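A.B. asks: CSV, C-alpha atoms, file protein10.csv:
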chain,number,residue,atom,x,y,z
A,1,MET,CA,69.0,181.9,-68.7
A,2,SER,CA,68.0,179.6,-71.6
A,3,LYS,CA,66.8,181.4,-74.7
A,4,LYS,CA,66.2,184.7,-73.0
A,5,PHE,CA,69.7,186.0,-73.2
A,6,PHE,CA,68.8,187.4,-76.7
A,7,ASP,CA,66.0,189.5,-75.4
A,8,TYR,CA,66.7,190.6,-71.8
A,9,PHE,CA,64.0,193.1,-71.2
A,10,PRO,CA,62.8,194.9,-74.3
A,11,PRO,CA,61.3,198.2,-73.2
A,12,PRO,CA,57.9,199.5,-74.2
A,13,ARG,CA,58.0,201.6,-77.3
A,14,PHE,CA,57.4,204.9,-75.4
A,15,LEU,CA,60.4,204.2,-73.2
A,16,GLU,CA,62.7,203.1,-76.1
A,17,PHE,CA,66.2,204.4,-75.9
A,18,PRO,CA,68.6,204.9,-78.8
A,19,TYR,CA,70.1,201.7,-80.0
A,20,ILE,CA,73.9,201.3,-79.9
A,21,GLY,CA,75.4,198.2,-81.6
A,22,ILE,CA,78.9,197.2,-80.6
A,23,ASN,CA,81.2,194.5,-81.9
A,24,ILE,CA,84.6,193.2,-80.9
A,25,THR,CA,86.9,191.9,-83.6
A,26,PRO,CA,90.6,191.0,-83.5
A,27,ARG,CA,91.5,194.3,-85.1
A,28,ALA,CA,89.0,196.8,-83.7
A,29,VAL,CA,86.1,197.5,-81.4
A,30,ARG,CA,83.3,199.3,-83.3
A,31,PHE,CA,80.1,200.9,-82.3
A,32,ILE,CA,77.3,202.8,-83.9
A,33,GLU,CA,74.1,204.5,-82.7
A,34,ILE,CA,70.9,204.5,-84.9
A,35,LEU,CA,68.4,207.2,-84.0
A,36,ARG,CA,64.7,207.0,-84.9
A,37,VAL,CA,63.4,210.1,-86.6
A,38,LYS,CA,60.0,211.0,-88.1
A,39,ASN,CA,60.7,209.6,-91.6
A,40,GLY,CA,63.1,206.8,-90.7
A,41,PHE,CA,66.5,206.6,-89.1
A,42,ARG,CA,69.7,208.6,-88.8
A,43,VAL,CA,73.2,207.9,-87.7
A,44,GLY,CA,74.1,209.2,-84.3
A,45,ARG,CA,77.4,208.5,-82.5
A,46,PHE,CA,79.9,206.1,-84.0
A,47,ALA,CA,83.6,205.2,-83.7
A,48,GLU,CA,86.1,202.5,-83.7
A,49,LYS,CA,89.2,201.8,-81.6
A,50,LYS,CA,91.9,199.8,-83.4
A,51,LEU,CA,93.5,196.8,-81.6
A,52,THR,CA,97.1,195.9,-82.1
A,53,SER,CA,97.7,193.1,-79.7
A,54,TYR,CA,94.5,191.1,-79.5
A,55,ASN,CA,95.2,187.5,-78.3
A,56,PRO,CA,92.5,185.0,-79.3
A,57,THR,CA,94.0,182.3,-77.1
A,58,ILE,CA,93.2,184.0,-73.8
A,59,SER,CA,89.9,184.7,-72.2
A,60,LEU,CA,88.1,187.9,-73.5
A,61,ILE,CA,87.9,189.3,-70.0
A,62,GLU,CA,91.7,188.9,-69.6
A,63,ASN,CA,92.4,190.9,-72.8
A,64,LYS,CA,93.4,194.3,-71.3
A,65,GLU,CA,93.6,196.0,-74.7
A,66,VAL,CA,89.9,195.2,-75.4
A,67,GLU,CA,88.9,196.3,-71.9
A,68,SER,CA,90.8,199.6,-72.4
A,69,ALA,CA,89.1,200.2,-75.8
A,70,LEU,CA,85.7,199.6,-74.4
A,71,ARG,CA,86.4,201.9,-71.4
A,72,ASP,CA,87.7,204.7,-73.8
A,73,LEU,CA,84.6,204.4,-76.0
A,74,LYS,CA,82.2,204.4,-73.0
A,75,THR,CA,83.9,207.5,-71.5
A,76,GLU,CA,84.4,209.5,-74.7
A,77,TYR,CA,80.9,208.9,-76.1
A,78,GLY,CA,78.8,208.4,-72.9
A,79,LEU,CA,77.7,204.8,-73.8
A,80,LYS,CA,75.6,202.8,-71.4
A,81,PHE,CA,73.0,200.4,-73.0
A,82,ILE,CA,74.3,198.3,-75.9
A,83,GLU,CA,73.3,195.6,-78.3
A,84,ALA,CA,76.3,193.3,-78.8
A,85,ALA,CA,77.6,190.7,-81.4
A,86,LEU,CA,78.6,187.2,-80.4
A,87,PRO,CA,81.3,185.4,-82.4
A,88,GLU,CA,80.1,183.4,-85.4
A,89,GLU,CA,82.9,180.8,-85.1
A,90,LYS,CA,81.9,179.9,-81.5
A,91,SER,CA,78.2,179.3,-82.3
A,92,TYR,CA,76.2,176.4,-83.7
A,93,LEU,CA,73.2,176.6,-86.0
A,94,PHE,CA,70.7,173.9,-87.0
A,95,LYS,CA,67.2,173.6,-88.3
A,96,MET,CA,64.5,171.5,-86.7
A,97,GLU,CA,60.7,171.1,-86.5
A,98,ILE,CA,59.1,172.6,-83.4
A,99,PRO,CA,55.5,172.2,-82.1
A,100,ASN,CA,53.1,175.0,-82.9
A,101,LYS,CA,52.5,175.6,-79.2
A,102,SER,CA,53.4,177.9,-76.4
A,103,GLU,CA,56.9,179.3,-76.0
A,104,ASN,CA,57.6,177.2,-73.0
A,105,GLU,CA,56.6,174.0,-74.8
A,106,ILE,CA,58.8,175.0,-77.8
A,107,CYS,CA,61.8,175.6,-75.5
A,108,ASN,CA,61.2,172.3,-73.8
A,109,HIS,CA,61.1,170.6,-77.1
A,110,ILE,CA,64.4,172.2,-78.3
A,111,GLU,CA,66.1,171.4,-75.0
A,112,PHE,CA,65.1,167.7,-75.3
A,113,HIS,CA,66.7,167.5,-78.8
A,114,LEU,CA,69.6,169.9,-78.3
A,115,GLU,CA,72.4,167.4,-77.7
A,116,GLU,CA,71.4,165.5,-80.8
A,117,ASN,CA,72.4,168.5,-82.9
A,118,VAL,CA,75.4,170.2,-81.2
A,119,PRO,CA,78.5,168.9,-79.5
A,120,ILE,CA,77.8,170.6,-76.1
A,121,SER,CA,75.6,169.6,-73.2
A,122,LEU,CA,72.3,171.3,-72.4
A,123,GLU,CA,73.8,172.5,-69.1
A,124,GLU,CA,76.7,174.2,-70.9
A,125,ALA,CA,74.5,175.7,-73.7
A,126,ILE,CA,72.4,178.9,-74.2
A,127,PHE,CA,70.1,179.0,-77.2
A,128,ASP,CA,67.7,181.0,-79.2
A,129,TYR,CA,65.3,180.1,-82.0
A,130,HIS,CA,63.7,181.7,-84.9
A,131,VAL,CA,60.5,180.4,-86.5
A,132,ILE,CA,60.7,180.1,-90.3
A,133,GLU,CA,57.4,181.3,-91.7
A,134,LYS,CA,57.4,179.7,-95.1
A,135,ASP,CA,53.7,180.5,-95.5
A,136,PRO,CA,52.9,183.4,-93.0
A,137,ASP,CA,49.2,183.1,-93.7
A,138,LYS,CA,49.0,179.4,-92.8
A,139,LYS,CA,48.5,179.3,-89.1
A,140,GLU,CA,46.9,176.0,-88.3
A,141,VAL,CA,49.7,173.5,-88.5
A,142,ALA,CA,50.9,171.0,-85.8
A,143,PHE,CA,54.6,171.7,-86.5
A,144,LYS,CA,56.7,174.5,-87.8
A,145,GLU,CA,60.3,174.8,-88.9
A,146,ALA,CA,62.8,176.8,-86.9
A,147,THR,CA,66.5,177.7,-86.9
A,148,VAL,CA,68.2,177.2,-83.5
A,149,SER,CA,71.3,179.2,-82.5
A,150,VAL,CA,73.4,177.8,-79.7
A,151,LEU,CA,76.5,179.1,-77.9
A,152,PRO,CA,78.5,177.7,-75.0
A,153,LYS,CA,77.3,179.5,-71.8
A,154,GLN,CA,80.9,180.3,-71.0
A,155,VAL,CA,81.3,182.4,-74.1
A,156,VAL,CA,78.2,184.4,-73.4
A,157,ASN,CA,79.2,184.9,-69.7
A,158,GLU,CA,82.6,186.2,-70.8
A,159,TYR,CA,80.9,188.9,-72.9
A,160,ILE,CA,78.5,189.8,-70.1
A,161,GLU,CA,81.2,190.0,-67.5
A,162,LEU,CA,83.5,192.1,-69.7
A,163,PHE,CA,80.7,194.6,-70.5
A,164,HIS,CA,79.6,194.9,-66.9
A,165,LYS,CA,83.3,195.3,-65.9
A,166,VAL,CA,83.6,198.5,-68.0
A,167,GLY,CA,80.2,199.8,-67.1
A,168,LEU,CA,78.2,198.8,-70.2
A,169,ILE,CA,74.8,197.2,-70.0
A,170,PRO,CA,74.0,194.6,-72.7
A,171,VAL,CA,70.3,194.5,-73.4
A,172,SER,CA,70.4,191.9,-76.2
A,173,PHE,CA,72.9,189.9,-78.3
A,174,LEU,CA,72.9,188.6,-81.8
A,175,ILE,CA,75.3,186.3,-83.5
A,176,GLU,CA,77.3,188.1,-86.2
A,177,SER,CA,75.6,186.6,-89.2
A,178,GLN,CA,72.2,187.4,-87.8
A,179,ALA,CA,73.2,191.1,-87.3
A,180,ILE,CA,74.7,191.4,-90.8
A,181,ALA,CA,71.5,189.9,-92.4
A,182,LYS,CA,69.4,192.4,-90.4
A,183,ALA,CA,71.4,195.2,-91.9
A,184,VAL,CA,71.8,194.2,-95.6
A,185,ILE,CA,68.5,192.4,-96.4
A,186,LYS,CA,65.4,194.5,-96.9
A,187,LYS,CA,62.9,194.0,-94.2
A,188,GLY,CA,60.1,191.7,-95.5
A,189,ASP,CA,62.3,190.3,-98.3
A,190,ARG,CA,61.9,186.5,-98.1
A,191,ASP,CA,64.1,185.6,-101.0
A,192,THR,CA,67.3,183.6,-100.6
A,193,TYR,CA,70.7,185.4,-100.4
A,194,LEU,CA,74.2,184.2,-99.8
A,195,ILE,CA,76.0,186.8,-97.6
A,196,VAL,CA,79.8,187.0,-97.6
A,197,HIS,CA,81.3,189.2,-94.8
A,198,ILE,CA,85.1,189.7,-95.2
A,199,ASN,CA,86.4,190.6,-91.8
A,200,ASP,CA,90.1,191.3,-91.0
A,201,THR,CA,91.0,187.8,-90.0
A,202,LYS,CA,88.1,185.7,-91.2
A,203,THR,CA,85.2,185.5,-93.6
A,204,GLU,CA,81.7,184.6,-92.7
A,205,VAL,CA,79.4,183.0,-95.3
A,206,ALA,CA,75.7,182.7,-94.5
A,207,ILE,CA,72.5,181.6,-96.3
A,208,VAL,CA,69.5,183.7,-95.5
A,209,SER,CA,66.1,182.5,-96.7
A,210,ASP,CA,62.5,183.2,-95.6
A,211,ASP,CA,63.8,186.0,-93.3
A,212,ALA,CA,66.1,183.7,-91.3
A,213,VAL,CA,69.8,182.8,-91.3
A,214,GLN,CA,69.6,179.1,-92.1
A,215,PHE,CA,73.2,178.1,-92.7
A,216,THR,CA,76.6,179.6,-91.8
A,217,SER,CA,80.3,178.9,-92.3
A,218,THR,CA,83.4,180.7,-91.1
A,219,LEU,CA,86.7,180.6,-93.1
A,220,ALA,CA,90.0,181.7,-91.5
A,221,VAL,CA,90.8,183.9,-94.4
A,222,GLY,CA,90.2,187.7,-94.4
A,223,ALA,CA,91.3,191.1,-95.4
A,224,ASP,CA,94.6,190.7,-93.6
A,225,ASP,CA,95.5,187.8,-96.0
A,226,PHE,CA,94.9,190.0,-99.1
A,227,THR,CA,97.3,192.6,-97.6
A,228,SER,CA,99.9,190.0,-96.6
A,229,ALA,CA,99.9,188.5,-100.1
A,230,ILE,CA,100.6,191.9,-101.6
A,231,VAL,CA,103.3,192.6,-99.0
A,232,LYS,CA,105.0,189.4,-99.9
A,233,GLN,CA,104.7,189.9,-103.6
A,234,PHE,CA,106.1,193.4,-103.8
A,235,ASN,CA,108.1,193.6,-100.6
A,236,ILE,CA,106.3,196.7,-99.4
A,237,THR,CA,104.8,197.9,-96.1
A,238,PRO,CA,101.2,196.8,-95.0
A,239,ASP,CA,100.0,200.5,-95.4
A,240,GLN,CA,101.4,200.6,-99.0
A,241,ALA,CA,99.8,197.2,-99.7
A,242,LYS,CA,96.4,198.4,-98.5
A,243,LYS,CA,96.7,201.5,-100.7
A,244,LEU,CA,97.7,199.4,-103.7
A,245,LYS,CA,94.8,196.9,-103.0
A,246,ARG,CA,92.3,199.8,-102.9
A,247,GLU,CA,93.5,201.6,-106.0
A,248,LYS,CA,94.2,198.7,-108.4
A,249,GLY,CA,92.3,195.6,-107.2
A,250,PHE,CA,91.5,192.7,-109.4
A,251,VAL,CA,92.1,194.5,-112.7
A,252,LYS,CA,93.8,192.0,-114.9
A,253,ASP,CA,96.1,193.8,-117.4
A,254,LYS,CA,99.8,193.9,-118.2
A,255,GLU,CA,100.7,196.5,-115.6
A,256,ASN,CA,98.6,194.9,-112.9
A,257,LYS,CA,99.4,191.2,-113.6
A,258,ASP,CA,101.5,190.6,-110.4
A,259,LEU,CA,99.0,192.3,-108.1
A,260,PHE,CA,96.1,190.3,-109.7
A,261,PHE,CA,97.7,187.0,-109.2
A,262,ALA,CA,98.7,187.9,-105.6
A,263,LEU,CA,95.1,188.7,-104.8
A,264,ILE,CA,93.7,185.7,-106.7
A,265,SER,CA,95.9,183.4,-104.5
A,266,VAL,CA,93.7,184.5,-101.5
A,267,ALA,CA,90.4,185.1,-103.3
A,268,SER,CA,90.4,181.5,-104.7
A,269,ALA,CA,90.0,180.2,-101.1
A,270,LEU,CA,87.1,182.5,-100.6
A,271,LYS,CA,85.6,181.5,-103.9
A,272,ASP,CA,85.9,177.8,-103.1
A,273,GLU,CA,84.1,178.3,-99.8
A,274,ILE,CA,81.3,180.3,-101.4
A,275,GLU,CA,80.9,177.7,-104.0
A,276,ARG,CA,80.8,174.9,-101.4
A,277,VAL,CA,78.1,176.6,-99.4
A,278,HIS,CA,76.1,177.4,-102.5
A,279,VAL,CA,76.2,173.8,-103.7
A,280,TYR,CA,75.5,172.4,-100.3
A,281,TRP,CA,72.4,174.6,-99.9
A,282,HIS,CA,71.0,173.5,-103.3
A,283,THR,CA,71.8,169.8,-103.0
A,284,HIS,CA,71.6,168.9,-99.2
A,285,VAL,CA,69.6,171.5,-97.3
A,286,GLU,CA,66.9,173.1,-99.4
A,287,LYS,CA,64.8,171.1,-101.9
A,288,VAL,CA,64.4,174.0,-104.2
A,289,GLN,CA,60.8,173.8,-105.5
A,290,ASN,CA,60.3,177.4,-106.5
A,291,ASP,CA,62.5,180.4,-107.4
A,292,ARG,CA,62.4,181.8,-103.9
A,293,GLY,CA,64.5,178.9,-102.6
A,294,LYS,CA,67.3,179.5,-105.1
A,295,VAL,CA,70.1,181.9,-104.2
A,296,LYS,CA,69.0,185.2,-105.8
A,297,LYS,CA,72.2,187.1,-105.1
A,298,ILE,CA,75.5,187.1,-103.3
A,299,LEU,CA,75.8,190.1,-101.0
A,300,LEU,CA,79.3,191.2,-100.1
A,301,THR,CA,80.2,193.2,-97.0
A,302,GLY,CA,83.4,194.2,-95.3
A,303,LYS,CA,85.7,196.9,-96.7
A,304,ASP,CA,87.6,194.5,-99.0
A,305,ALA,CA,84.3,193.5,-100.6
A,306,SER,CA,84.5,196.7,-102.5
A,307,ILE,CA,87.9,196.0,-104.0
A,308,VAL,CA,87.8,196.8,-107.7
A,309,GLY,CA,86.9,193.7,-109.7
A,310,PHE,CA,86.2,191.4,-106.7
A,311,LYS,CA,82.4,191.2,-107.2
A,312,GLU,CA,82.9,190.5,-110.9
A,313,TYR,CA,85.4,187.7,-110.0
A,314,ILE,CA,82.9,186.1,-107.6
A,315,THR,CA,80.0,186.5,-110.1
A,316,GLU,CA,82.0,184.8,-112.9
A,317,SER,CA,83.4,182.0,-110.6
A,318,VAL,CA,80.2,181.1,-108.8
A,319,ARG,CA,77.8,181.9,-111.6
A,320,VAL,CA,75.5,183.9,-109.3
A,321,GLU,CA,75.3,187.7,-109.4
A,322,ALA,CA,77.4,189.2,-106.7
A,323,GLU,CA,77.0,192.8,-105.5
A,324,VAL,CA,78.4,195.0,-102.7
A,325,ALA,CA,75.6,195.1,-100.1
A,326,ASP,CA,73.8,198.3,-99.1
A,327,VAL,CA,74.3,198.3,-95.3
A,328,TRP,CA,71.8,201.1,-95.0
A,329,VAL,CA,68.9,199.5,-96.8
A,330,ASN,CA,66.7,199.2,-93.7
A,331,GLY,CA,67.7,202.7,-92.4
A,332,PHE,CA,67.1,205.3,-95.1
A,333,SER,CA,67.4,206.2,-98.7
A,334,PHE,CA,70.4,208.2,-100.0
A,335,ASP,CA,67.9,210.5,-101.7
A,336,ASP,CA,66.8,211.7,-98.2
A,337,TYR,CA,70.0,211.4,-96.2
A,338,ILE,CA,73.7,211.0,-96.6
A,339,PRO,CA,75.3,209.2,-93.6
A,340,PRO,CA,78.5,210.6,-92.0
A,341,ILE,CA,80.5,207.4,-92.7
A,342,GLU,CA,82.5,206.9,-95.9
A,343,TYR,CA,81.0,204.2,-98.3
A,344,HIS,CA,83.9,201.8,-97.9
A,345,ASP,CA,84.2,202.2,-94.2
A,346,ALA,CA,80.5,201.6,-93.7
A,347,LEU,CA,81.0,198.1,-95.1
A,348,ASP,CA,83.1,197.3,-92.0
A,349,TYR,CA,80.2,198.6,-89.8
A,350,ALA,CA,77.6,196.1,-91.2
A,351,THR,CA,77.5,194.0,-88.0
A,352,VAL,CA,77.0,196.9,-85.7
A,353,ILE,CA,74.5,198.6,-88.0
A,354,GLY,CA,72.4,195.4,-87.9
A,355,LEU,CA,72.7,195.4,-84.1
A,356,ALA,CA,71.7,199.0,-83.8
A,357,LEU,CA,68.7,198.9,-86.0
A,358,PRO,CA,65.6,198.7,-83.8
A,359,LYS,CA,63.5,195.5,-83.8
A,360,LEU,CA,60.9,196.7,-86.3
Represent the supplied structure as structure tokens.
C.D. replies:
Amino acid sequence: MSKKFFDYFPPPRFLEFPYIGINITPRAVRFIEILRVKNGFRVGRFAEKKLTSYNPTISLIENKEVESALRDLKTEYGLKFIEAALPEEKSYLFKMEIPNKSENEICNHIEFHLEENVPISLEEAIFDYHVIEKDPDKKEVAFKEATVSVLPKQVVNEYIELFHKVGLIPVSFLIESQAIAKAVIKKGDRDTYLIVHINDTKTEVAIVSDDAVQFTSTLAVGADDFTSAIVKQFNITPDQAKKLKREKGFVKDKENKDLFFALISVASALKDEIERVHVYWHTHVEKVQNDRGKVKKILLTGKDASIVGFKEYITESVRVEAEVADVWVNGFSFDDYIPPIEYHDALDYATVIGLALPKL
């Protein structure tokens, strides 16, 4: 298996089939299809199945609700070949020097040093690597830098077994942060960005630089926590809290004071983690010698990233410009095409959009 689980058998371009990205989260199973057309890409099939009783403590293949959701999507939309996301919190990422040699020699080099960098044995691990091309024109070097992504073999096998069980065929996998980066950072942009993806039950924070995810962190705080804080503050239902969150947001005025402080109680934890990653990158990981190494922007994804006033709160707190990411930046221009997914909803599809975009 080794590194090849990320690229099972990429077909020749003339045999290329539509790409379908699929992601399983504790609250929903989502998929989207991206179709290649003459002047770019278009959205094909897409849907989500809500989950109400997801249990993270049991094996994925034992979770009947997830299995049922996948079967329903497969039957209703005729799905077969998929590109799937693997959970960020179960993965490991590190940087290392690799020899500028053949792929087999690079893999052997990584295998030899793997246990120095992750707390799992080589026999239990599956890995992939991405070469960081700091100077793409400079070819004659003895060593290059690479990021290495590692997951326990058991985790990957659970996903493969589950998909095969419901009749879906995974042709490749990406870790969540890698898929999101593929969606929201313009192809060829080598600047440094800090991505914040607010999921339902967690938030993923990642540094992307030189076209590679180079650092990740997962915080067990997400959109559900914003909703719960409002429910507790106003003694209302979750649906009412979501509506209030969407309509009022982080607007700090007399009428909105109680809501603002309810949201801030959660947002401060996210802000602290974003600041921690930002400081760590600039002081421990990357010796910033030019502007490209500095974090250019904070890109926010996930539906709650678009809460009124949230990007301004992050910008002011971290002192780096934050903006809601364009999840379609590598697909098409809104001048040419308007996708059939609402703007706010599309932010929750960032992971599967990245998965579904063809490997350009």
A.B. asks: Region 316-349 of chain A near region 169-183 of chain A within 10 Å: what's each residue's closest atom pair and its distance in Å to one decimal, counting all atoms listed in the file, ordered by chain then ascending residue number, as CSV?
C.D. replies:
residue,atom,partner,partner_atom,distance
A:Ala325,CA,A:Ala183,CA,9.2
A:Asp326,CA,A:Ala183,CA,8.2
A:Val327,CA,A:Ala183,CA,5.4
A:Trp328,CA,A:Ala183,CA,6.7
A:Val329,CA,A:Ala183,CA,7.0
A:Asn330,CA,A:Ala183,CA,6.4
A:Gly331,CA,A:Ala183,CA,8.4
A:Tyr349,CA,A:Ile180,CA,9.1
A.B. asks: Just to be explicit: take each residue in the selection above, keep C-alpha atoms, and write the result as a PDB file, in the coordinates of the input.
C.D. replies:
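What follows is the written file again.pdb:
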ATOM      1  CA  ALA A 325      75.600 195.100-100.100  1.00  0.00           C
ATOM      2  CA  ASP A 326      73.800 198.300 -99.100  1.00  0.00           C
ATOM      3  CA  VAL A 327      74.300 198.300 -95.300  1.00  0.00           C
ATOM      4  CA  TRP A 328      71.800 201.100 -95.000  1.00  0.00           C
ATOM      5  CA  VAL A 329      68.900 199.500 -96.800  1.00  0.00           C
ATOM      6  CA  ASN A 330      66.700 199.200 -93.700  1.00  0.00           C
ATOM      7  CA  GLY A 331      67.700 202.700 -92.400  1.00  0.00           C
ATOM      8  CA  TYR A 349      80.200 198.600 -89.800  1.00  0.00           C
TER       9      TYR A 349
END
A.B. asks: Quick one: of A:Ile341, A:Val148, A:Leu114, A:Ile195, who's nearest to Lys296 (chain A), counting only C-alpha atoms?
C.D. replies: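 Of A:Ile341, A:Val148, A:Leu114, A:Ile195, the one nearest Lys296 (chain A), counting only C-alpha atoms, is A:Ile195.
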A.B. asks: Smallest atom-to-atom distance to Val277 (chain A): which of A:Ala223, A:Val29, A:Val205, A:Ala69, using only C-alpha atoms?
C.D. replies: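 For Val277 (chain A), the nearest of the given residues is A:Val205.
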A.B. asks: Quick one: pull the distance between CA of Ser121 (chain A) and CA of Glu158 (chain A), Å, one decimal.
C.D. replies: 18.2 Å
A.B. asks: Go through A:Lys254, A:Lys187, A:His278, A:Lys74 and flag the residue nearest Val295 (chain A), using all atoms listed in the file for the distances.
C.D. replies: A:His278
A.B. asks: Name the residues in contact with Leu299 (chain A) at a cut-off of 7 Å, using only C-alpha atoms, excluding same-chain residues fewer than 3 positions from it; report them as a ChimeraX atom specification.
C.D. replies: /A:193-196,322-325
A.B. asks: Please measure the separation of CA of Asn55 (chain A) and CA of Asn199 (chain A), giving the value in Å to one decimal.
C.D. replies: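 Going from CA of Asn55 (chain A) over to CA of Asn199 (chain A) covers 16.4 Å.
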A.B. asks: Residues at most 9 Å from Ser317 (chain A), counting only C-alpha atoms, excluding those fewer than 6 positions away in the same chain, as number ranges by chain?
C.D. replies: A: 271-272, 275
A.B. asks: What separation in Å, quoted to one decimal, exists between CA of Cys107 (chain A) and CA of Phe94 (chain A)?
C.D. replies: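 Between CA of Cys107 (chain A) and CA of Phe94 (chain A) the gap is 14.6 Å.
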A.B. asks: At a cut-off of 9 Å, using all atoms listed in the file, what residues contact Thr201 (chain A)? Leave out same-chain residues fewer than 4 positions from it and give the result as a list of chain:residue names.
C.D. replies: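 Contacts, in chain order: A:Thr25, A:Pro26, A:Arg27, A:Leu219, A:Ala220, A:Val221, A:Gly222, A:Ala223, A:Asp224, A:Asp225.
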A.B. asks: Could you tell me which of A:Val320, A:Leu93, A:Ile34, A:Leu162 comes closest to Val213 (chain A) if we count only C-alpha atoms?
C.D. replies: A:Leu93
A.B. asks: Please provide as a list in words all residues within 12 Å of Pro238 (chain A), with the sequence filter that same-chain residues fewer than 5 positions apart are discarded (counting only C-alpha atoms).
C.D. replies: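 The residues that qualify are Ala223, Asp224, Asp225, Phe226, Thr227, Ser228, Ala229, Ile230, Val231, Lys232, Gln233, Lys243, Leu244 and Lys245 of chain A.
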A.B. asks: With all atoms listed in the file counted, which protein, DNA or RNA residues have an atom no more than 12 Å from (93.0, 193.9, -114.8) in the file frame? Please answer as a ChimeraX atom specification.
C.D. replies: /A:247-261,263-264,308-310,312-313
A.B. asks: Nearest to Glu161 (chain A): which of A:Ser149, A:Glu103, A:Ile98, A:Leu60 is it, counting only C-alpha atoms?
C.D. replies: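 Among A:Ser149, A:Glu103, A:Ile98, A:Leu60, it is A:Leu60 that comes nearest to Glu161 (chain A).
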A.B. asks: What residues have an atom no more than 12 Å from (88.8, 201.4, -69.9) in the file's own frame, counting only C-alpha atoms, and can you write them as number ranges by chain?
C.D. replies: A: 49, 63-76, 162-168
A.B. asks: Using all atoms listed in the file, which of the listed residues (A:Thr237, A:Thr218, A:Thr203, A:Asn100) sits closest to Asp304 (chain A)?
C.D. replies: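 Once distances to Asp304 (chain A) are computed over all atoms listed in the file, the minimum belongs to A:Thr203.
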